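Data from final23.cif: mmCIF, C-alpha atoms and all ligand atoms
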data_work
#
loop_
_atom_site.label_atom_id
_atom_site.label_comp_id
_atom_site.auth_asym_id
_atom_site.auth_seq_id
_atom_site.Cartn_x
_atom_site.Cartn_y
_atom_site.Cartn_z
CA MET A 456 55.35 82.89 144.21
CA ILE A 457 54.38 86.44 145.28
CA ASP A 458 51.43 87.79 143.32
CA SER A 459 52.54 91.29 142.23
CA SER A 460 48.92 92.38 141.71
CA ASP A 461 48.20 91.82 145.43
CA PHE A 462 49.25 95.01 147.21
CA ARG A 463 48.92 93.71 150.77
CA THR A 464 52.55 92.69 150.98
CA LYS A 465 54.03 95.20 148.53
CA ARG A 466 56.93 97.30 149.86
CA ILE A 467 58.96 100.11 148.30
CA PRO A 468 62.71 100.33 148.96
CA LEU A 469 63.92 103.56 150.57
CA SER A 470 67.03 105.24 149.16
CA HIS A 471 70.45 104.59 150.75
CA GLY A 472 69.45 101.12 151.92
CA ALA A 473 67.25 102.57 154.65
CA GLY A 474 64.82 99.66 154.58
CA HIS A 475 61.47 99.08 152.86
CA MET A 476 58.15 100.86 153.32
CA PRO A 477 54.95 98.80 153.07
CA VAL A 478 52.86 100.67 150.49
CA LEU A 479 49.63 100.39 152.50
CA GLY A 480 50.02 102.67 155.52
CA PHE A 481 47.66 103.23 158.43
CA GLY A 482 47.32 106.88 159.52
CA THR A 483 46.76 107.66 163.19
CA LEU A 484 45.11 111.07 162.99
CA ILE A 485 42.20 109.94 165.16
CA PRO A 486 40.47 112.34 167.57
CA ASP A 487 39.56 109.96 170.37
CA ALA A 488 42.21 108.34 172.61
CA ALA A 489 40.37 105.02 173.12
CA ALA A 490 39.48 104.84 169.42
CA THR A 491 43.16 105.39 168.59
CA ILE A 492 44.15 102.29 170.57
CA SER A 493 41.45 100.06 169.12
CA ALA A 494 41.87 101.31 165.52
CA THR A 495 45.64 100.77 165.74
CA ARG A 496 45.13 97.20 166.93
CA ASP A 497 42.45 96.56 164.30
CA ALA A 498 44.80 97.85 161.60
CA LEU A 499 47.58 95.55 162.79
CA ASP A 500 45.15 92.62 162.90
CA ALA A 501 43.92 93.39 159.38
CA GLY A 502 47.53 93.19 158.17
CA PHE A 503 48.76 96.81 158.10
CA ARG A 504 52.48 96.96 158.88
CA HIS A 505 53.08 100.67 158.25
CA PHE A 506 51.97 103.24 160.87
CA ASP A 507 52.05 107.01 160.42
CA CYS A 508 52.09 109.14 163.57
CA ALA A 509 52.88 112.73 164.57
CA GLU A 510 53.62 114.57 167.79
CA ARG A 511 50.95 117.04 166.66
CA TYR A 512 48.24 114.36 166.77
CA ARG A 513 48.85 114.15 170.53
CA ASN A 514 48.11 110.45 170.62
CA GLU A 515 51.52 108.83 170.19
CA ARG A 516 51.13 107.23 173.62
CA GLU A 517 47.87 105.56 172.59
CA VAL A 518 49.30 104.46 169.23
CA GLY A 519 52.25 102.97 171.13
CA GLU A 520 49.86 101.18 173.47
CA GLY A 521 47.87 99.73 170.57
CA LEU A 522 51.05 98.66 168.79
CA GLN A 523 52.67 97.01 171.84
CA ALA A 524 49.48 95.07 172.62
CA GLY A 525 48.95 94.06 169.00
CA LEU A 526 52.57 93.00 168.44
CA ALA A 527 52.54 90.87 171.60
CA ALA A 528 49.16 89.27 170.83
CA GLY A 529 50.04 88.54 167.20
CA GLY A 530 53.62 87.42 167.84
CA ILE A 531 54.77 90.19 165.46
CA ALA A 532 58.32 91.55 165.80
CA ARG A 533 59.12 95.29 165.94
CA GLU A 534 61.29 94.80 162.83
CA ASP A 535 58.20 93.62 160.94
CA ILE A 536 56.47 96.98 161.24
CA PHE A 537 57.41 100.38 159.81
CA VAL A 538 56.78 103.36 162.07
CA THR A 539 56.94 107.04 161.15
CA THR A 540 56.42 110.10 163.26
CA LYS A 541 56.80 113.80 162.57
CA LEU A 542 58.57 116.85 164.00
CA TRP A 543 56.08 119.63 164.69
CA ASN A 544 56.46 123.25 163.52
CA SER A 545 57.27 124.61 167.00
CA ASN A 546 60.37 122.36 167.17
CA HIS A 547 62.22 123.49 164.02
CA ARG A 548 65.13 125.10 165.91
CA PRO A 549 68.01 122.58 165.52
CA GLU A 550 68.53 122.29 169.29
CA ARG A 551 64.86 121.27 169.71
CA VAL A 552 64.93 118.45 167.11
CA LYS A 553 66.64 115.70 169.12
CA PRO A 554 64.57 116.29 172.29
CA ALA A 555 61.36 116.27 170.21
CA PHE A 556 62.45 113.04 168.50
CA GLU A 557 63.27 111.38 171.82
CA ALA A 558 60.00 112.49 173.39
CA SER A 559 58.11 110.93 170.46
CA LEU A 560 60.07 107.68 170.77
CA ASP A 561 59.34 107.61 174.49
CA ARG A 562 55.59 108.15 173.98
CA LEU A 563 55.48 105.49 171.27
CA GLY A 564 57.44 103.06 173.46
CA LEU A 565 60.01 102.43 170.70
CA ASN A 566 63.78 102.59 170.60
CA TYR A 567 64.14 103.49 166.93
CA LEU A 568 62.03 104.97 164.15
CA ASP A 569 61.87 103.81 160.56
CA LEU A 570 61.14 107.34 159.35
CA TYR A 571 61.07 110.84 160.86
CA LEU A 572 59.47 113.62 158.83
CA ILE A 573 59.47 117.40 159.15
CA HIS A 574 55.69 117.77 159.39
CA THR A 575 55.48 121.03 157.45
CA PRO A 576 58.05 123.50 156.04
CA PHE A 577 56.65 126.25 158.34
CA ALA A 578 58.58 127.09 161.52
CA PHE A 579 56.36 128.36 164.35
CA GLN A 580 57.53 130.22 167.44
CA PRO A 581 59.65 127.68 169.35
CA GLY A 582 58.11 126.32 172.53
CA ASP A 583 55.55 123.96 173.98
CA ASP A 584 52.56 125.75 172.46
CA GLN A 585 51.89 123.83 169.25
CA ASP A 586 49.61 126.56 167.92
CA PRO A 587 51.19 129.91 168.90
CA ARG A 588 48.94 132.86 168.01
CA ASP A 589 49.22 136.63 168.41
CA GLN A 590 46.45 138.80 169.86
CA ASP A 591 44.76 138.94 166.46
CA GLY A 592 44.66 135.15 166.27
CA LYS A 593 47.41 135.00 163.63
CA ILE A 594 50.03 132.25 163.73
CA VAL A 595 53.39 133.38 165.15
CA TYR A 596 56.09 132.17 162.76
CA ASP A 597 59.76 131.78 163.61
CA HIS A 598 61.91 133.65 161.07
CA GLY A 599 65.13 132.79 162.89
CA VAL A 600 65.49 129.29 161.48
CA THR A 601 65.59 127.92 157.93
CA LEU A 602 64.33 124.56 156.71
CA LEU A 603 67.93 123.69 155.88
CA ASP A 604 68.97 124.35 159.52
CA THR A 605 66.26 121.92 160.65
CA TRP A 606 67.29 119.42 158.00
CA GLY A 607 70.87 119.37 159.38
CA ALA A 608 69.50 118.29 162.77
CA MET A 609 67.40 115.59 161.07
CA GLU A 610 70.55 114.25 159.37
CA SER A 611 72.23 113.99 162.79
CA LEU A 612 69.41 111.71 163.93
CA VAL A 613 70.20 109.32 161.09
CA ASP A 614 73.89 109.49 162.09
CA SER A 615 72.88 108.50 165.63
CA GLY A 616 71.44 105.23 164.30
CA ARG A 617 68.05 105.62 165.98
CA CYS A 618 66.25 106.84 162.88
CA ARG A 619 66.62 104.92 159.63
CA ALA A 620 65.37 107.57 157.22
CA VAL A 621 64.25 111.21 157.14
CA GLY A 622 61.90 113.14 154.91
CA LEU A 623 59.50 116.04 154.52
CA SER A 624 55.76 116.54 154.46
CA ASP A 625 53.34 119.15 153.09
CA ILE A 626 56.05 120.44 150.79
CA SER A 627 55.93 121.64 147.19
CA LEU A 628 58.47 120.67 144.55
CA ASN A 629 59.89 124.24 144.66
CA GLU A 630 60.47 124.00 148.40
CA LEU A 631 61.86 120.48 148.16
CA LEU A 632 64.46 121.22 145.45
CA PRO A 633 66.89 123.36 147.52
CA ILE A 634 66.79 120.84 150.39
CA TYR A 635 67.31 117.94 148.01
CA GLU A 636 70.25 119.70 146.33
CA SER A 637 72.14 120.68 149.47
CA ALA A 638 71.29 117.78 151.76
CA ARG A 639 74.12 115.50 152.92
CA ILE A 640 71.51 112.80 153.57
CA LYS A 641 68.84 113.15 150.88
CA PRO A 642 65.17 113.01 151.88
CA ALA A 643 63.93 109.43 151.46
CA VAL A 644 60.20 110.25 151.51
CA VAL A 645 57.81 113.12 150.85
CA GLN A 646 54.32 112.91 152.33
CA VAL A 647 51.69 115.08 150.63
CA GLU A 648 47.97 115.12 149.88
CA ALA A 649 47.26 113.16 146.68
CA HIS A 650 44.20 111.55 145.04
CA PRO A 651 42.63 111.73 141.57
CA TYR A 652 41.53 115.33 142.24
CA LEU A 653 45.11 116.32 143.23
CA PRO A 654 47.49 113.97 141.39
CA GLU A 655 50.68 116.06 142.02
CA THR A 656 52.11 114.55 138.85
CA GLU A 657 55.19 116.79 138.64
CA LEU A 658 56.25 115.99 142.19
CA LEU A 659 55.61 112.29 141.60
CA GLU A 660 57.82 112.32 138.48
CA PHE A 661 60.61 114.04 140.43
CA CYS A 662 60.33 111.44 143.19
CA LYS A 663 60.53 108.60 140.68
CA GLN A 664 63.62 110.08 139.02
CA LYS A 665 65.42 110.65 142.31
CA ASP A 666 64.33 107.51 144.15
CA LEU A 667 62.23 109.26 146.77
CA VAL A 668 59.08 107.56 148.03
CA PHE A 669 55.96 109.63 147.33
CA LEU A 670 53.62 108.93 150.25
CA ALA A 671 50.03 110.05 149.60
CA PHE A 672 47.78 111.18 152.41
CA ALA A 673 44.03 111.73 151.92
CA PRO A 674 43.86 109.05 149.18
CA LEU A 675 40.10 109.03 149.86
CA GLY A 676 39.98 112.84 149.87
CA HIS A 677 39.81 112.74 153.71
CA GLY A 678 36.40 111.07 153.26
CA ILE A 679 34.90 114.50 152.43
CA LYS A 680 31.73 114.41 150.36
CA PRO A 681 31.36 115.36 147.62
CA GLY A 682 34.83 114.09 146.84
CA PRO A 683 36.67 111.25 145.09
CA LEU A 684 34.75 108.56 147.05
CA GLU A 685 31.54 109.67 145.30
CA ASP A 686 33.04 110.53 141.93
CA PRO A 687 30.96 108.93 139.14
CA VAL A 688 34.06 107.51 137.40
CA ILE A 689 35.23 105.89 140.64
CA SER A 690 31.75 104.48 141.36
CA ALA A 691 31.47 103.08 137.83
CA VAL A 692 34.91 101.42 138.00
CA ALA A 693 34.08 100.01 141.45
CA ALA A 694 30.83 98.49 140.19
CA ARG A 695 32.57 97.04 137.13
CA VAL A 696 35.49 95.41 138.98
CA GLY A 697 33.50 94.34 142.05
CA LYS A 698 35.35 96.53 144.57
CA THR A 699 34.34 99.41 146.79
CA PRO A 700 35.10 103.02 145.79
CA ALA A 701 37.67 103.19 148.62
CA GLN A 702 39.43 100.07 147.31
CA VAL A 703 39.51 101.56 143.80
CA LEU A 704 41.07 104.82 145.04
CA LEU A 705 43.68 103.00 147.12
CA ALA A 706 44.58 100.65 144.26
CA TRP A 707 44.96 103.61 141.87
CA ALA A 708 47.38 105.25 144.32
CA VAL A 709 49.58 102.15 144.53
CA GLN A 710 49.49 101.45 140.81
CA ARG A 711 50.78 104.92 139.93
CA GLY A 712 53.80 104.26 142.12
CA THR A 713 52.96 105.90 145.44
CA ALA A 714 52.67 104.55 148.96
CA LEU A 715 49.57 105.72 150.83
CA LEU A 716 48.04 106.44 154.23
CA THR A 717 44.46 105.70 155.08
CA THR A 718 42.55 105.94 158.36
CA PRO A 719 39.98 103.17 158.77
CA ARG A 720 38.48 103.44 162.27
CA THR A 721 36.70 100.10 162.46
CA ALA A 722 37.90 96.53 162.03
CA ALA A 723 35.65 96.02 158.99
CA ARG A 724 36.99 99.16 157.28
CA ALA A 725 40.56 98.16 158.15
CA ARG A 726 40.02 94.84 156.34
CA GLU A 727 38.36 96.62 153.41
CA ASN A 728 41.16 99.18 153.08
CA PHE A 729 43.88 96.54 153.35
CA ASN A 730 42.38 94.15 150.84
CA ILE A 731 43.78 96.01 147.83
CA SER A 732 44.77 94.56 144.47
CA ALA A 733 45.51 95.84 140.99
CA LEU A 734 42.92 97.41 138.69
CA PRO A 735 42.81 96.74 134.93
CA GLU A 736 44.72 99.26 132.76
CA ASP A 737 41.55 100.71 131.21
CA ALA A 738 40.23 101.54 134.68
CA LEU A 739 43.46 103.38 135.50
CA ASP A 740 43.20 105.35 132.24
CA GLU A 741 39.65 106.38 133.06
CA ILE A 742 40.65 107.56 136.53
CA ASN A 743 43.64 109.44 135.12
CA ARG A 744 41.26 111.31 132.80
CA ILE A 745 39.18 112.73 135.70
CA GLN A 746 39.34 116.52 135.29
CA THR A 747 38.12 117.71 138.72
CA ARG A 748 40.88 119.44 140.71
CA GLN A 749 40.49 119.99 144.46
CA ARG A 750 42.76 120.24 147.50
CA PHE A 751 41.06 119.22 150.75
CA ASN A 752 43.74 120.11 153.29
CA GLU A 753 44.97 123.69 153.55
CA VAL A 754 47.95 122.83 155.79
CA VAL A 755 50.38 123.48 152.90
CA ARG A 756 49.41 127.15 152.80
CA THR A 757 50.06 128.12 156.43
CA GLY A 758 51.43 125.11 158.31
CA SER A 759 48.30 125.12 160.44
CA PRO A 760 46.61 121.71 160.21
CA GLY A 761 43.09 121.58 158.89
CA PHE A 762 42.22 118.31 160.61
CA ILE A 763 43.51 118.37 164.18
CA PRO A 764 40.63 117.55 166.50
CA GLN A 765 39.42 120.37 168.76
CA GLY A 766 41.11 120.50 172.14
CA ARG A 767 44.06 118.31 171.23
N1 LIG B 801 51.18 115.32 156.59
C1 LIG B 801 50.04 115.87 156.87
O1 LIG B 801 49.92 117.08 157.01
C2 LIG B 801 48.83 115.00 157.01
C3 LIG B 801 47.56 115.59 156.95
C4 LIG B 801 46.46 114.76 157.11
C5 LIG B 801 46.61 113.40 157.28
N2 LIG B 801 47.87 112.86 157.35
C6 LIG B 801 48.08 111.44 157.59
O2 LIG B 801 47.35 110.71 156.65
C7 LIG B 801 46.52 109.76 157.31
C8 LIG B 801 45.38 109.45 156.44
O3 LIG B 801 44.30 110.36 156.70
P1 LIG B 801 43.22 110.70 155.68
O4 LIG B 801 42.20 111.56 156.25
O5 LIG B 801 43.97 111.21 154.54
O6 LIG B 801 42.64 109.23 155.43
P2 LIG B 801 41.58 108.77 154.37
O7 LIG B 801 41.50 107.30 154.55
O8 LIG B 801 41.83 109.39 153.02
O9 LIG B 801 40.27 109.46 154.89
C9 LIG B 801 39.71 109.12 156.11
C10 LIG B 801 38.22 109.35 156.00
O10 LIG B 801 37.72 108.47 155.02
C11 LIG B 801 36.71 107.66 155.58
N3 LIG B 801 36.94 106.27 155.17
C12 LIG B 801 37.97 105.46 155.51
N4 LIG B 801 37.85 104.27 154.92
C13 LIG B 801 36.70 104.32 154.20
C14 LIG B 801 36.03 103.39 153.38
N5 LIG B 801 36.50 102.16 153.19
N6 LIG B 801 34.88 103.77 152.78
C15 LIG B 801 34.38 105.01 152.98
N7 LIG B 801 34.97 105.93 153.76
C16 LIG B 801 36.12 105.59 154.36
C17 LIG B 801 36.80 107.80 157.07
O11 LIG B 801 35.50 107.74 157.53
P3 LIG B 801 35.09 107.57 159.09
O12 LIG B 801 35.40 108.90 159.71
O13 LIG B 801 33.64 107.28 159.01
O14 LIG B 801 35.90 106.45 159.62
C18 LIG B 801 37.45 109.16 157.24
O15 LIG B 801 36.44 110.17 157.27
C19 LIG B 801 46.21 110.43 158.65
O16 LIG B 801 45.72 109.54 159.63
C20 LIG B 801 47.57 110.97 158.97
O17 LIG B 801 48.40 109.92 159.45
C21 LIG B 801 48.97 113.64 157.19
#
Here is a file; write its structure as C-alpha cells.
Ligand SMILES: NC(=O)c1ccc[n+]([C@@H]2O[C@H](COP(=O)([O-])OP(=O)(O)OC[C@H]3O[C@@H](n4cnc5c(N)ncnc54)[C@H](OP(=O)(O)O)[C@@H]3O)[C@@H](O)[C@H]2O)c1
Amino acid sequence: MIDSSDFRTKRIPLSHGAGHMPVLGFGTLIPDAAATISATRDALDAGFRHFDCAERYRNEREVGEGLQAGLAAGGIAREDIFVTTKLWNSNHRPERVKPAFEASLDRLGLNYLDLYLIHTPFAFQPGDDQDPRDQDGKIVYDHGVTLLDTWGAMESLVDSGRCRAVGLSDISLNELLPIYESARIKPAVVQVEAHPYLPETELLEFCKQKDLVFLAFAPLGHGIKPGPLEDPVISAVAARVGKTPAQVLLAWAVQRGTALLTTPRTAARARENFNISALPEDALDEINRIQTRQRFNEVVRTGSPGFIPQGR
C-alpha cells in the first residue's frame, strides 16, 4: 500500500490527461557547469524524478548530460522522469517559439518535453541577446507581441505532440485570467515564488478550482537569510517533529496542495530535500499563522531575473 504521508512518490495529475507531475521537483538554476552535471545526477540518485530547466539558465546541455548519464546508470526510463523547460523573454514572437523549443530539446538531448513554460509575461526585444538594454541600461521591451500571441504558438507545440503540457511562470492572477479565459489549450501549470512569507493564497485557490498545478519556486526563500529557513516558528516545528527546517518548509508546500522546486547542490542535501513526509495538522496551522510577508525574487516586476549567475 502507498503511504500517502510519504511525499517522495506523490504526483499531481495535469489537466487534459497530460500526465502526472512528481510534487518534489529539482531546480537547475545552478551557476557552475560542472556542478550542474553532478547536482543533476545526485538529484536523480536521491530519487528526484522532476527536473526544472530554462534556456535562460544557459546550462540545458549540462542538465541533459547529467540526466542521460544518470538514467543510463540507474536503468531509469525517460518516461519515468518529468522534464520542464522555459521559453525566454526574447523569444515571445510566435515565429521564434518553435525554434526556441527545438533548440532547448536539442541541448537537453530529449525528443519531447513534459512541460514548456513561458518564463515570464514580459516580452523583450526579439533576438539572441537574452538581456537587451538601451544606452541607459534599461531593458528593451517588445511591444509588438502580446502574451496571447505567444500562447497561441505554445498551443501549437502541444498539437505537434512533442510537448505534453504548457504553462506560465512569474505571473499574477490578473495576468493569468485573460489567458486562461481565451486559451484553446488551458495552462496546465503556473510556476511562481511561494513560501510561508509569500503564500499566494488567492492564486492557489484559483489553481485548485480550475485544476491547474501550482508549482512553487523558492520554497526555502532562495536560501536567503534571514528568511523562512531561520524563522522561529519553522525552527520550533522542526525541533518538535525531528526534521530539518528545509524539510518542514518543503512538507508545508506539498501539504497545502502545491508542487515545488528546490535546488540542493550536494548529494547529502539532495537526500535531505527528497526525504519529505507529512507534518501534523497543528504544525501546519502554526506555519499558516506566520505573519511575515516578503518576496525574494523581483523577476515578476520587470521580467529581469534576480538570480541568473554573472556572465551566463
Ligand atoms: N520561474 C522563475 O522565474 C524561477 C526563479 C527562480 C528559481 N526558479 C526555479 O526554482 C528552482 C528552485 O530554486 P530556489 O532558489 O527557489 O531553491 P531553494 O531550494 O528554495 O533555495 C536554494 C537555496 O537554498 C539552499 N538550500 C537548499 N537546500 C537546503 C537545505 N536542505 N538546508 C539549507 N539550505 C538549503 C541552497 O544553499 P546552497 O547554495 O548552499 O546549496 C540555496 O542557496 C530553481 O533551480 C529554478 O529551477 C524559477
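Across the model, the gap from atom CA of A:Pro576 to atom CA of A:Phe506 is 21.7 Å.
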Tell me, counting all atoms listed in the file, for each residue of stretch 516-581 of chain A within 8 Å of stretch 741-763 of chain A, which pair of atoms is nearest and how far apart they are in Å to one decimal, in rows ordered by chain and increasing number, as a tab-separated table.
residue	atom	partner	partner_atom	distance
A:Asn544	CA	A:Gly758	CA	7.5
A:Thr575	CA	A:Gly758	CA	5.8
A:Pro576	CA	A:Gly758	CA	7.2
A:Phe577	CA	A:Gly758	CA	5.3
Which neighbours of stretch 709-723 of chain A fall inside 7 Å, counting only C-alpha atoms, when residues of the same chain fewer than 6 positions from it are skipped, and could you give them as a PyMOL selection string? chain A and resi 478-483+494+497+668-674+733
Please indicate the distance in Å from atom CA of A:Asn629 to atom CA of A:Leu484, rounded to one decimal place. 27.0 Å
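Residue neighbourhood of A:Ile485, excluding near-sequence residues (fewer than 4 positions): Ala490, Thr491, Tyr512, Thr718 and Pro764 of chain A, at 8 Å, using all atoms listed in the file.
Atom pair atom C15 of ligand LIG 801 (chain B) / atom CA of A:Glu727: separated by 9.3 Å.
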Residues proximal to (65.6, 122.2, 152.1) were defined as those with any atom within 8 Å of that point in the file's coordinates, counting all atoms listed in the file. Which are they, as a PyMOL selection string? chain A and resi 602-603+606+630-638
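The residue that comes closest to A:Ala488, out of A:Glu515, A:Glu550, A:Asp740, A:Asp584 and on the basis of only C-alpha atoms, is A:Glu515.
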Expected residue set, 10 Å radius at (35.7, 100.2, 143.0), all atoms listed in the file, as a PDB file with C-alpha atoms, in the frame of the given file:
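Below is the file selection-v7.pdb, written as the result:
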ATOM      1  CA  LEU A 684      34.750 108.560 147.050  1.00  0.00           C
ATOM      2  CA  VAL A 688      34.060 107.510 137.400  1.00  0.00           C
ATOM      3  CA  ILE A 689      35.230 105.890 140.640  1.00  0.00           C
ATOM      4  CA  SER A 690      31.750 104.480 141.360  1.00  0.00           C
ATOM      5  CA  ALA A 691      31.470 103.080 137.830  1.00  0.00           C
ATOM      6  CA  VAL A 692      34.910 101.420 138.000  1.00  0.00           C
ATOM      7  CA  ALA A 693      34.080 100.010 141.450  1.00  0.00           C
ATOM      8  CA  ALA A 694      30.830  98.490 140.190  1.00  0.00           C
ATOM      9  CA  ARG A 695      32.570  97.040 137.130  1.00  0.00           C
ATOM     10  CA  VAL A 696      35.490  95.410 138.980  1.00  0.00           C
ATOM     11  CA  GLY A 697      33.500  94.340 142.050  1.00  0.00           C
ATOM     12  CA  LYS A 698      35.350  96.530 144.570  1.00  0.00           C
ATOM     13  CA  THR A 699      34.340  99.410 146.790  1.00  0.00           C
ATOM     14  CA  PRO A 700      35.100 103.020 145.790  1.00  0.00           C
ATOM     15  CA  ALA A 701      37.670 103.190 148.620  1.00  0.00           C
ATOM     16  CA  GLN A 702      39.430 100.070 147.310  1.00  0.00           C
ATOM     17  CA  VAL A 703      39.510 101.560 143.800  1.00  0.00           C
ATOM     18  CA  LEU A 704      41.070 104.820 145.040  1.00  0.00           C
ATOM     19  CA  LEU A 705      43.680 103.000 147.120  1.00  0.00           C
ATOM     20  CA  ALA A 706      44.580 100.650 144.260  1.00  0.00           C
ATOM     21  CA  TRP A 707      44.960 103.610 141.870  1.00  0.00           C
ATOM     22  CA  LEU A 734      42.920  97.410 138.690  1.00  0.00           C
ATOM     23  CA  ALA A 738      40.230 101.540 134.680  1.00  0.00           C
TER      24      ALA A 738
END
For A:Ile640, list every protein, DNA or RNA residue within 12 Å, evaluated using only C-alpha atoms, and leave out those in the same chain fewer than 2 positions away; present the list as a PyMOL selection string. chain A and resi 470-473+603+606-614+619-622+634-638+642-644
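Checking A:Glu510, A:Asp500, A:Asp586, A:Asp666 one by one against ligand LIG 801 (chain B), counting all atoms listed in the file, you find the shortest gap at A:Glu510.
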Using 8 Å of padding on each side, determine the axis-aligned box around all atoms of ligand LIG 801 (chain B) present in the file and give its centre and edge lengths in Å to one decimal, as JSON.
{"center_x": 42.4, "center_y": 109.6, "center_z": 156.2, "size_x": 33.5, "size_y": 30.9, "size_z": 22.9}
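Residue nearest ligand LIG 801 (chain B) within the list A:Thr601, A:Thr464, A:Gln585, A:Thr539: A:Thr539 [criterion: smallest interatomic distance, only C-alpha atoms and all ligand atoms].
Nearest-residue note for A:Gly529: choosing from A:Leu499, A:Lys593, A:Glu736, A:Ser493, the minimum distance belongs to A:Leu499, counting only C-alpha atoms.
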Contacts of A:Lys541 within 10 Å, all atoms listed in the file, excl. fewer than 5 positions in-chain, as a ChimeraX atom specification: /A:507-512,555-556,559,570-575,621-624
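With distances taken over all atoms listed in the file, A:Val538 is the one residue among A:Leu628, A:Val600, A:Ala528, A:Val538 lying closest to ligand LIG 801 (chain B).
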